[in-house]
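Report on the structure given below.
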Amino acid sequence: MSSAEPIYASRVLKLPLVTPDGDAVGRVDDLVIGPPTGDLAPILLGIVAQLGRRRIFVSASRVKHFETSGVVLTSTALDLNPFKVRTGELLLTSLLDRPLRGEKVLDLSMRPRTSLYGRFGVAEVMLGRRRALGFSARMRRVPWEDVAELFDVGEAAAELVKLRSLHPSETARVMQDLSDDQREELVDAMQDEDLADVLEELPEEDQAEILLAMEPERAAQVLEEMEPDDAADLLSELNAEDQSRLLEAMDPEEADPLRRLLIYEGHTAGGLMTPEPIILLPESTVAEALARIRAEEVPAAVASAVFVAQPPTQPPTGVYLGALSFQRLLREPPSTRLADLVDGQPEAVSPDLPEIQVAERLAAYNLLALPVCDASGFLLGAVTVDDVLDRTLPVGWRTHQ
């Protein structure tokens, strides 16, 4: 389906869910639609996908495009927690066949849009009557504005969806001005993945307050959706009992990197680092490194460099051999082995190096990421420039944007 053609919602149902590599990982079971925001059309919030026996939510921000052969995602990263309808959300299957002004809702058409609120908006509603052999000749298209009552979820719920649809930093800024009850409503209305993005934009004391107000199971799910270093910073704000309770509720594979980070003092390289930088073996090629950097789910700061180490490639790795910036990789032939390019630079720092010295090292050598190694030279993680900025900017800087 080209960007100029409407996307008919009913035709998306049952389509395969396809990764960027072309692998079908499930099928579309439903569409999640949000109500109009002011004069803007109802928006596609996401997809309910069936993966085996699981029904999960896939945010519309992860949809690259719709094809007749399937819904193509921007990345392979998926939130596998069970889908739950939240405040203000409308399911396509609940709208289809709904009586409306003596007719029935037969379909919705959507179009891509560049508005702040959502990537795909409802354009038209198809009304008519169903017959055994198909639609009647009386089927007609009407602009969504002409049947706006179809999408009515109430003023309060619509406002919550509007806040959800903002950029996470904007939602976080608004959230700080809400009353406790309003904030609780917004948290309850958000899908886990979206809430995780918003929490990463809040001061850590606010993050902790919101997290502790949740049921432990959901709090654990939200932590799993956060970047590991941000999740560890948040857990460090909690007492040992709350930390232990939430870590136990998490998937062990998600909890183990956080436990490693919590060993280190917060204002050190170990406390700042991400435990999941891009790590490749010396036999890997430039082409492989660029493919890893290109992946949609890799944060921009993490994609600034790849680190080369002897096996294993999961921290703590084998001996660290050096790092290569994405600019350096772009200048080299794709078939070149990374072992032929690394020279031990930049030098690694120890996990107990104070954060101010980490910042000085990054600035002095114009680096975007810095390797962190133990005494044996094994790579533990990397400090990226965004982590250092978060720590070195004045307290409350987010509220002044």
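The way I read the labels, and the way they are meant: chains A, B, ... in the order of the structure tokens, residue 1 as the first residue of every chain, and ligand 1 as the first ligand shown, with later ones counted on from there.
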Can you tell me which residues surround Ala9 in chain A at a distance of at most 10 Å, considering only C-alpha atoms, apart from same-chain residues fewer than 6 positions away, and format the answer as a ChimeraX atom specification? /A:30-31,44,92-93,96,106-110,122
Set the distance at 12 Å and use only C-alpha atoms: which residues neighbour Gly270 in chain A once local chain neighbours fewer than 3 positions away are removed? I'd like the list as a short mmCIF file (atom, residue, chain, number, x, y, z; two decimals) with N, CA and C atoms, in the first residue's frame.
data_model
loop_
_atom_site.label_atom_id
_atom_site.label_comp_id
_atom_site.auth_asym_id
_atom_site.auth_seq_id
_atom_site.Cartn_x
_atom_site.Cartn_y
_atom_site.Cartn_z
N ASP A 229 20.42 0.95 31.90
CA ASP A 229 21.06 1.92 32.79
C ASP A 229 20.03 2.83 33.45
N ALA A 232 18.30 0.76 36.15
CA ALA A 232 19.17 0.59 37.32
C ALA A 232 19.22 1.87 38.14
N ASP A 233 19.28 3.02 37.46
CA ASP A 233 19.26 4.30 38.19
C ASP A 233 17.97 4.44 39.00
N PRO A 257 21.26 -8.04 34.14
CA PRO A 257 22.09 -6.86 33.87
C PRO A 257 21.87 -5.74 34.89
N LEU A 258 20.66 -5.60 35.41
CA LEU A 258 20.40 -4.56 36.41
C LEU A 258 21.12 -4.88 37.71
N ARG A 259 21.13 -6.14 38.10
CA ARG A 259 21.85 -6.53 39.32
C ARG A 259 23.34 -6.21 39.20
N ARG A 260 23.89 -6.43 37.98
CA ARG A 260 25.31 -6.11 37.78
C ARG A 260 25.56 -4.61 37.93
N LEU A 261 24.66 -3.80 37.40
CA LEU A 261 24.83 -2.35 37.48
C LEU A 261 24.68 -1.84 38.91
N LEU A 262 23.81 -2.45 39.68
CA LEU A 262 23.54 -1.98 41.04
C LEU A 262 24.70 -2.23 41.99
N ILE A 263 25.67 -3.02 41.55
CA ILE A 263 26.86 -3.26 42.38
C ILE A 263 27.67 -1.98 42.53
N TYR A 264 27.63 -1.13 41.51
CA TYR A 264 28.51 0.04 41.47
C TYR A 264 27.85 1.27 42.09
N GLU A 265 28.70 2.14 42.62
CA GLU A 265 28.22 3.41 43.15
C GLU A 265 27.61 4.24 42.01
N GLY A 266 26.56 4.97 42.32
CA GLY A 266 25.83 5.70 41.28
C GLY A 266 26.65 6.74 40.55
N HIS A 267 27.58 7.42 41.25
CA HIS A 267 28.31 8.52 40.63
C HIS A 267 29.69 8.07 40.13
N MET A 273 27.20 3.40 33.27
CA MET A 273 27.31 2.66 32.00
C MET A 273 26.05 1.89 31.65
N THR A 274 25.91 1.66 30.36
CA THR A 274 24.92 0.70 29.88
C THR A 274 25.61 -0.65 29.77
N PRO A 275 24.95 -1.73 30.24
CA PRO A 275 25.58 -3.05 30.16
C PRO A 275 25.37 -3.73 28.82
N ALA A 348 40.15 2.01 28.00
CA ALA A 348 39.02 1.76 28.90
C ALA A 348 39.24 2.44 30.24
N VAL A 349 38.16 2.70 30.93
CA VAL A 349 38.21 3.24 32.28
C VAL A 349 37.70 2.17 33.24
N SER A 350 38.07 2.31 34.50
CA SER A 350 37.62 1.35 35.51
C SER A 350 36.22 1.74 35.97
N PRO A 351 35.45 0.78 36.47
CA PRO A 351 34.07 1.09 36.87
C PRO A 351 33.96 2.03 38.05
N ASP A 352 35.04 2.18 38.83
CA ASP A 352 34.96 3.07 39.99
C ASP A 352 35.46 4.49 39.70
N LEU A 353 35.74 4.81 38.43
CA LEU A 353 36.17 6.17 38.08
C LEU A 353 35.03 7.14 38.34
N PRO A 354 35.27 8.25 39.08
CA PRO A 354 34.19 9.22 39.35
C PRO A 354 33.60 9.78 38.06
N GLU A 355 32.29 10.07 38.12
CA GLU A 355 31.59 10.49 36.91
C GLU A 355 32.14 11.78 36.32
N VAL A 358 34.88 10.86 34.14
CA VAL A 358 34.35 10.23 32.93
C VAL A 358 33.95 11.33 31.94
N LEU A 370 32.51 5.52 25.90
CA LEU A 370 33.76 5.17 26.56
C LEU A 370 33.63 3.77 27.14
N PRO A 371 34.58 2.86 26.84
CA PRO A 371 34.50 1.50 27.37
C PRO A 371 34.82 1.46 28.86
N VAL A 372 34.15 0.56 29.56
CA VAL A 372 34.39 0.33 30.99
C VAL A 372 34.83 -1.11 31.16
N CYS A 373 36.04 -1.31 31.71
CA CYS A 373 36.59 -2.66 31.86
C CYS A 373 36.98 -2.93 33.31
N ASP A 374 37.01 -4.22 33.66
CA ASP A 374 37.48 -4.60 35.00
C ASP A 374 39.00 -4.71 34.99
N LEU A 379 35.48 -6.34 29.14
CA LEU A 379 34.52 -5.25 28.95
C LEU A 379 33.26 -5.49 29.77
N LEU A 380 32.90 -4.50 30.59
CA LEU A 380 31.71 -4.58 31.43
C LEU A 380 30.53 -3.83 30.84
N GLY A 381 30.83 -2.80 30.05
CA GLY A 381 29.78 -1.96 29.47
C GLY A 381 30.41 -0.72 28.88
N ALA A 382 29.60 0.28 28.63
CA ALA A 382 30.10 1.52 28.05
C ALA A 382 29.29 2.69 28.59
N VAL A 383 29.98 3.80 28.80
CA VAL A 383 29.31 5.04 29.18
C VAL A 383 29.11 5.86 27.91
N THR A 384 27.87 6.26 27.65
CA THR A 384 27.58 7.08 26.48
C THR A 384 27.35 8.53 26.91
N ASP A 387 24.26 9.62 28.89
CA ASP A 387 24.23 9.29 30.32
C ASP A 387 24.96 10.33 31.13
N VAL A 388 26.08 10.80 30.61
CA VAL A 388 26.88 11.81 31.32
C VAL A 388 26.12 13.14 31.38
#
One decimal, Å: what's the distance from CA of Leu45 in chain A over to CA of Asp21 in chain A, could you say?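 Atom-to-atom, CA of Leu45 in chain A to CA of Asp21 in chain A, that is 23.7 Å.
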Any chance you could list, as a list in words, the residues in range 116-316 of chain A that come up strand (DSSP E or B) when DSSP is run on the backbone?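 Strand (DSSP E or B) members of range 116-316 of chain A, listed: Phe120, Gly121, Val122, Ala123, Glu124, Val125, Met126, Leu127, Gly128, Arg130, Arg131, Gly134, Phe135, Arg140, Arg141, Val142, Pro143, Thr268, Thr274, Ile278, Ile279, Leu280, Thr285, Ala305, Val306, Phe307, Val308 and Ala309 of chain A.
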How would the residues just picked look written out with N, CA and C atoms as a PDB file, in the first residue's frame?
ATOM      1  N   PHE A 120      -0.582   7.532  12.028  1.00  0.00           N
ATOM      2  CA  PHE A 120      -1.662   7.182  11.111  1.00  0.00           C
ATOM      3  C   PHE A 120      -2.971   7.694  11.689  1.00  0.00           C
ATOM      4  N   GLY A 121      -3.767   8.357  10.857  1.00  0.00           N
ATOM      5  CA  GLY A 121      -5.035   8.901  11.315  1.00  0.00           C
ATOM      6  C   GLY A 121      -6.194   8.340  10.521  1.00  0.00           C
ATOM      7  N   VAL A 122      -7.354   8.207  11.174  1.00  0.00           N
ATOM      8  CA  VAL A 122      -8.563   7.761  10.483  1.00  0.00           C
ATOM      9  C   VAL A 122      -9.031   8.883   9.563  1.00  0.00           C
ATOM     10  N   ALA A 123      -9.306   8.541   8.316  1.00  0.00           N
ATOM     11  CA  ALA A 123      -9.743   9.540   7.338  1.00  0.00           C
ATOM     12  C   ALA A 123     -11.248   9.464   7.091  1.00  0.00           C
ATOM     13  N   GLU A 124     -11.738   8.248   6.833  1.00  0.00           N
ATOM     14  CA  GLU A 124     -13.142   8.078   6.480  1.00  0.00           C
ATOM     15  C   GLU A 124     -13.729   6.862   7.186  1.00  0.00           C
ATOM     16  N   VAL A 125     -15.055   6.872   7.277  1.00  0.00           N
ATOM     17  CA  VAL A 125     -15.797   5.738   7.805  1.00  0.00           C
ATOM     18  C   VAL A 125     -16.713   5.230   6.695  1.00  0.00           C
ATOM     19  N   MET A 126     -16.704   3.927   6.446  1.00  0.00           N
ATOM     20  CA  MET A 126     -17.578   3.321   5.442  1.00  0.00           C
ATOM     21  C   MET A 126     -18.837   2.807   6.136  1.00  0.00           C
ATOM     22  N   LEU A 127     -19.984   3.299   5.676  1.00  0.00           N
ATOM     23  CA  LEU A 127     -21.272   2.910   6.244  1.00  0.00           C
ATOM     24  C   LEU A 127     -22.106   2.162   5.205  1.00  0.00           C
ATOM     25  N   GLY A 128     -22.942   1.258   5.673  1.00  0.00           N
ATOM     26  CA  GLY A 128     -23.814   0.531   4.753  1.00  0.00           C
ATOM     27  C   GLY A 128     -24.468  -0.631   5.473  1.00  0.00           C
ATOM     28  N   ARG A 130     -24.653  -5.028   5.539  1.00  0.00           N
ATOM     29  CA  ARG A 130     -24.033  -6.267   5.071  1.00  0.00           C
ATOM     30  C   ARG A 130     -25.107  -7.217   4.533  1.00  0.00           C
ATOM     31  N   ARG A 131     -24.729  -7.945   3.485  1.00  0.00           N
ATOM     32  CA  ARG A 131     -25.581  -9.007   2.978  1.00  0.00           C
ATOM     33  C   ARG A 131     -24.752 -10.283   2.911  1.00  0.00           C
ATOM     34  N   GLY A 134     -21.890 -10.101   0.508  1.00  0.00           N
ATOM     35  CA  GLY A 134     -20.998  -8.944   0.537  1.00  0.00           C
ATOM     36  C   GLY A 134     -21.719  -7.675   0.894  1.00  0.00           C
ATOM     37  N   PHE A 135     -21.088  -6.533   0.599  1.00  0.00           N
ATOM     38  CA  PHE A 135     -21.645  -5.229   0.932  1.00  0.00           C
ATOM     39  C   PHE A 135     -22.742  -4.853  -0.070  1.00  0.00           C
ATOM     40  N   ARG A 140     -21.467   3.746   1.610  1.00  0.00           N
ATOM     41  CA  ARG A 140     -21.004   5.109   1.332  1.00  0.00           C
ATOM     42  C   ARG A 140     -19.877   5.478   2.277  1.00  0.00           C
ATOM     43  N   ARG A 141     -19.067   6.411   1.822  1.00  0.00           N
ATOM     44  CA  ARG A 141     -17.940   6.911   2.616  1.00  0.00           C
ATOM     45  C   ARG A 141     -18.321   8.258   3.211  1.00  0.00           C
ATOM     46  N   VAL A 142     -17.975   8.441   4.451  1.00  0.00           N
ATOM     47  CA  VAL A 142     -18.206   9.750   5.066  1.00  0.00           C
ATOM     48  C   VAL A 142     -16.938  10.159   5.806  1.00  0.00           C
ATOM     49  N   PRO A 143     -16.611  11.444   5.823  1.00  0.00           N
ATOM     50  CA  PRO A 143     -15.471  11.900   6.614  1.00  0.00           C
ATOM     51  C   PRO A 143     -15.693  11.549   8.089  1.00  0.00           C
ATOM     52  N   THR A 268      29.706   6.898  39.521  1.00  0.00           N
ATOM     53  CA  THR A 268      30.937   6.343  38.951  1.00  0.00           C
ATOM     54  C   THR A 268      30.654   5.863  37.538  1.00  0.00           C
ATOM     55  N   THR A 274      25.910   1.655  30.358  1.00  0.00           N
ATOM     56  CA  THR A 274      24.924   0.700  29.875  1.00  0.00           C
ATOM     57  C   THR A 274      25.607  -0.646  29.773  1.00  0.00           C
ATOM     58  N   ILE A 278      27.031  -2.257  21.816  1.00  0.00           N
ATOM     59  CA  ILE A 278      27.195  -3.170  20.674  1.00  0.00           C
ATOM     60  C   ILE A 278      28.596  -3.768  20.749  1.00  0.00           C
ATOM     61  N   ILE A 279      28.656  -5.074  20.938  1.00  0.00           N
ATOM     62  CA  ILE A 279      29.932  -5.774  21.100  1.00  0.00           C
ATOM     63  C   ILE A 279      30.047  -6.832  20.008  1.00  0.00           C
ATOM     64  N   LEU A 280      31.163  -6.807  19.283  1.00  0.00           N
ATOM     65  CA  LEU A 280      31.395  -7.759  18.194  1.00  0.00           C
ATOM     66  C   LEU A 280      32.758  -8.425  18.357  1.00  0.00           C
ATOM     67  N   THR A 285      32.916  -8.304  10.446  1.00  0.00           N
ATOM     68  CA  THR A 285      33.283  -7.354   9.390  1.00  0.00           C
ATOM     69  C   THR A 285      32.629  -5.992   9.619  1.00  0.00           C
ATOM     70  N   ALA A 305      29.064   3.817  18.444  1.00  0.00           N
ATOM     71  CA  ALA A 305      30.319   3.062  18.375  1.00  0.00           C
ATOM     72  C   ALA A 305      30.053   1.579  18.587  1.00  0.00           C
ATOM     73  N   VAL A 306      30.944   0.757  18.034  1.00  0.00           N
ATOM     74  CA  VAL A 306      30.929  -0.679  18.334  1.00  0.00           C
ATOM     75  C   VAL A 306      32.211  -1.006  19.083  1.00  0.00           C
ATOM     76  N   PHE A 307      32.113  -1.968  19.997  1.00  0.00           N
ATOM     77  CA  PHE A 307      33.249  -2.381  20.810  1.00  0.00           C
ATOM     78  C   PHE A 307      33.656  -3.789  20.396  1.00  0.00           C
ATOM     79  N   VAL A 308      34.931  -4.000  20.276  1.00  0.00           N
ATOM     80  CA  VAL A 308      35.464  -5.280  19.808  1.00  0.00           C
ATOM     81  C   VAL A 308      36.149  -5.977  20.979  1.00  0.00           C
ATOM     82  N   ALA A 309      35.806  -7.252  21.181  1.00  0.00           N
ATOM     83  CA  ALA A 309      36.355  -8.006  22.301  1.00  0.00           C
ATOM     84  C   ALA A 309      36.445  -9.474  21.936  1.00  0.00           C
TER      85      ALA A 309
END
Might you pull out every residue within 10 Å of range 209-223 of chain A, with only C-alpha atoms counted and same-chain residues fewer than 3 positions away left off, and present them as a PyMOL selection string? chain A and resi 79-81+180+183-184+187-188+191-197+199+204-206+226-228+230-232+234-235+237-238+242+245-251+254-255+258
Can you list, as a ChimeraX atom specification, all residues belonging to range 129-338 of chain A that DSSP tags as alpha helix (DSSP H)? /A:155-164,168-175,180-189,192-199,204-213,216-225,228-235,240-249,252-262,269-272,286-294,326-330
Keeping only C-alpha atoms, take the residues you just selected and write them out as a short mmCIF file (atom, residue, chain, number, x, y, z; two decimals), in the first residue's frame.
data_model
loop_
_atom_site.label_atom_id
_atom_site.label_comp_id
_atom_site.auth_asym_id
_atom_site.auth_seq_id
_atom_site.Cartn_x
_atom_site.Cartn_y
_atom_site.Cartn_z
CA GLU A 155 -13.66 14.11 27.53
CA ALA A 156 -11.44 12.83 30.34
CA ALA A 157 -10.42 9.65 28.48
CA ALA A 158 -9.75 11.60 25.27
CA GLU A 159 -7.47 13.97 27.17
CA LEU A 160 -5.51 11.00 28.53
CA VAL A 161 -5.02 9.61 25.03
CA LYS A 162 -3.86 13.04 23.85
CA LEU A 163 -1.20 13.11 26.56
CA ARG A 164 -0.14 9.56 25.67
CA PRO A 168 7.72 11.12 25.89
CA SER A 169 9.56 14.26 27.04
CA GLU A 170 6.40 16.34 26.51
CA THR A 171 4.24 13.80 28.35
CA ALA A 172 6.74 13.76 31.22
CA ARG A 173 6.68 17.54 31.48
CA VAL A 174 2.88 17.61 31.61
CA MET A 175 2.81 14.72 34.08
CA ASP A 180 -1.77 12.65 42.11
CA ASP A 181 -5.14 11.33 40.93
CA GLN A 182 -4.65 12.66 37.39
CA ARG A 183 -1.16 11.21 37.20
CA GLU A 184 -2.42 7.84 38.40
CA GLU A 185 -5.10 7.89 35.70
CA LEU A 186 -2.53 8.66 33.02
CA VAL A 187 -0.20 5.90 34.23
CA ASP A 188 -3.07 3.40 34.18
CA ALA A 189 -4.03 4.49 30.65
CA ASP A 192 3.96 -0.46 29.39
CA GLU A 193 6.33 0.41 26.54
CA ASP A 194 5.08 3.99 26.33
CA LEU A 195 5.16 4.43 30.11
CA ALA A 196 8.76 3.21 30.19
CA ASP A 197 9.73 5.88 27.64
CA VAL A 198 8.04 8.57 29.74
CA LEU A 199 9.64 7.42 33.01
CA GLU A 204 14.40 9.78 39.40
CA GLU A 205 12.45 10.69 42.53
CA ASP A 206 9.28 11.04 40.43
CA GLN A 207 10.07 7.77 38.67
CA ALA A 208 10.37 5.99 42.01
CA GLU A 209 7.11 7.41 43.33
CA ILE A 210 5.22 6.29 40.20
CA LEU A 211 6.83 2.86 40.16
CA LEU A 212 6.05 2.09 43.81
CA ALA A 213 2.42 3.08 43.30
CA PRO A 216 4.64 -5.17 41.47
CA GLU A 217 3.90 -7.25 38.36
CA ARG A 218 3.26 -4.21 36.19
CA ALA A 219 6.16 -2.28 37.71
CA ALA A 220 8.45 -5.16 36.77
CA GLN A 221 7.10 -5.17 33.21
CA VAL A 222 7.73 -1.43 32.88
CA LEU A 223 11.29 -1.84 34.17
CA GLU A 224 11.88 -4.51 31.52
CA GLU A 225 10.90 -1.99 28.84
CA PRO A 228 19.03 -1.02 31.50
CA ASP A 229 21.06 1.92 32.79
CA ASP A 230 17.91 4.01 33.30
CA ALA A 231 16.16 1.12 35.04
CA ALA A 232 19.17 0.59 37.32
CA ASP A 233 19.26 4.30 38.19
CA LEU A 234 15.58 4.09 39.09
CA LEU A 235 16.06 0.98 41.23
CA ALA A 240 16.84 -2.84 49.33
CA GLU A 241 13.52 -4.56 50.04
CA ASP A 242 11.71 -2.85 47.14
CA GLN A 243 14.66 -3.46 44.84
CA SER A 244 14.69 -7.16 45.63
CA ARG A 245 10.91 -7.48 45.25
CA LEU A 246 10.89 -5.89 41.78
CA LEU A 247 13.97 -7.72 40.53
CA GLU A 248 12.42 -11.03 41.58
CA ALA A 249 9.26 -10.15 39.64
CA PRO A 252 15.72 -13.24 34.95
CA GLU A 253 17.36 -12.30 31.64
CA GLU A 254 16.17 -8.71 32.10
CA ALA A 255 16.98 -8.56 35.81
CA ASP A 256 20.56 -9.89 35.69
CA PRO A 257 22.09 -6.86 33.87
CA LEU A 258 20.40 -4.56 36.41
CA ARG A 259 21.85 -6.53 39.32
CA ARG A 260 25.31 -6.11 37.78
CA LEU A 261 24.83 -2.35 37.48
CA LEU A 262 23.54 -1.98 41.04
CA ALA A 269 31.56 4.95 35.49
CA GLY A 270 30.04 1.64 36.62
CA GLY A 271 26.91 3.39 37.82
CA LEU A 272 26.63 5.37 34.57
CA VAL A 286 32.52 -3.68 8.89
CA ALA A 287 29.31 -4.71 7.10
CA GLU A 288 28.16 -6.68 10.15
CA ALA A 289 28.96 -3.76 12.45
CA LEU A 290 26.99 -1.31 10.31
CA ALA A 291 24.04 -3.71 10.22
CA ARG A 292 23.98 -3.80 14.03
CA ILE A 293 24.18 -0.01 14.27
CA ARG A 294 21.40 0.36 11.71
CA PHE A 326 30.27 4.77 13.20
CA GLN A 327 32.08 7.43 11.15
CA ARG A 328 35.22 5.28 11.02
CA LEU A 329 33.14 2.28 9.94
CA LEU A 330 31.57 4.28 7.11
#
Can you tell me, as a ChimeraX atom specification, what residues are no more than 8 Å from Leu150 in chain A when counting only C-alpha atoms, ignoring any on the same chain fewer than 2 positions away? /A:95,100,147-148,152
Taking only C-alpha atoms into account, which of A:Ala359, A:Val385, A:Ala369, A:Val153 comes nearest Thr37 in chain A? A:Val153
Could you jot down the CA of Val28 in chain A to CA of Ile43 in chain A separation for me, Å, one decimal place?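 Distance reported for this atom pair: 17.2 Å.
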Which one of A:Leu178, A:Val85, A:Phe66, A:Ala41 sits closest to Trp144 in chain A if you count only C-alpha atoms? A:Ala41
Atomic separation - CA of Val48 in chain A relative to CA of Ile7 in chain A, Å: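 Going from CA of Ile7 in chain A over to CA of Val48 in chain A covers 16.7 Å.
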Using only C-alpha atoms, can you tell me which of A:Ser304, A:Thr313, A:Ala295, A:Glu200 comes closest to Glu276 in chain A?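 The answer is A:Thr313, which sits nearest to Glu276 in chain A.
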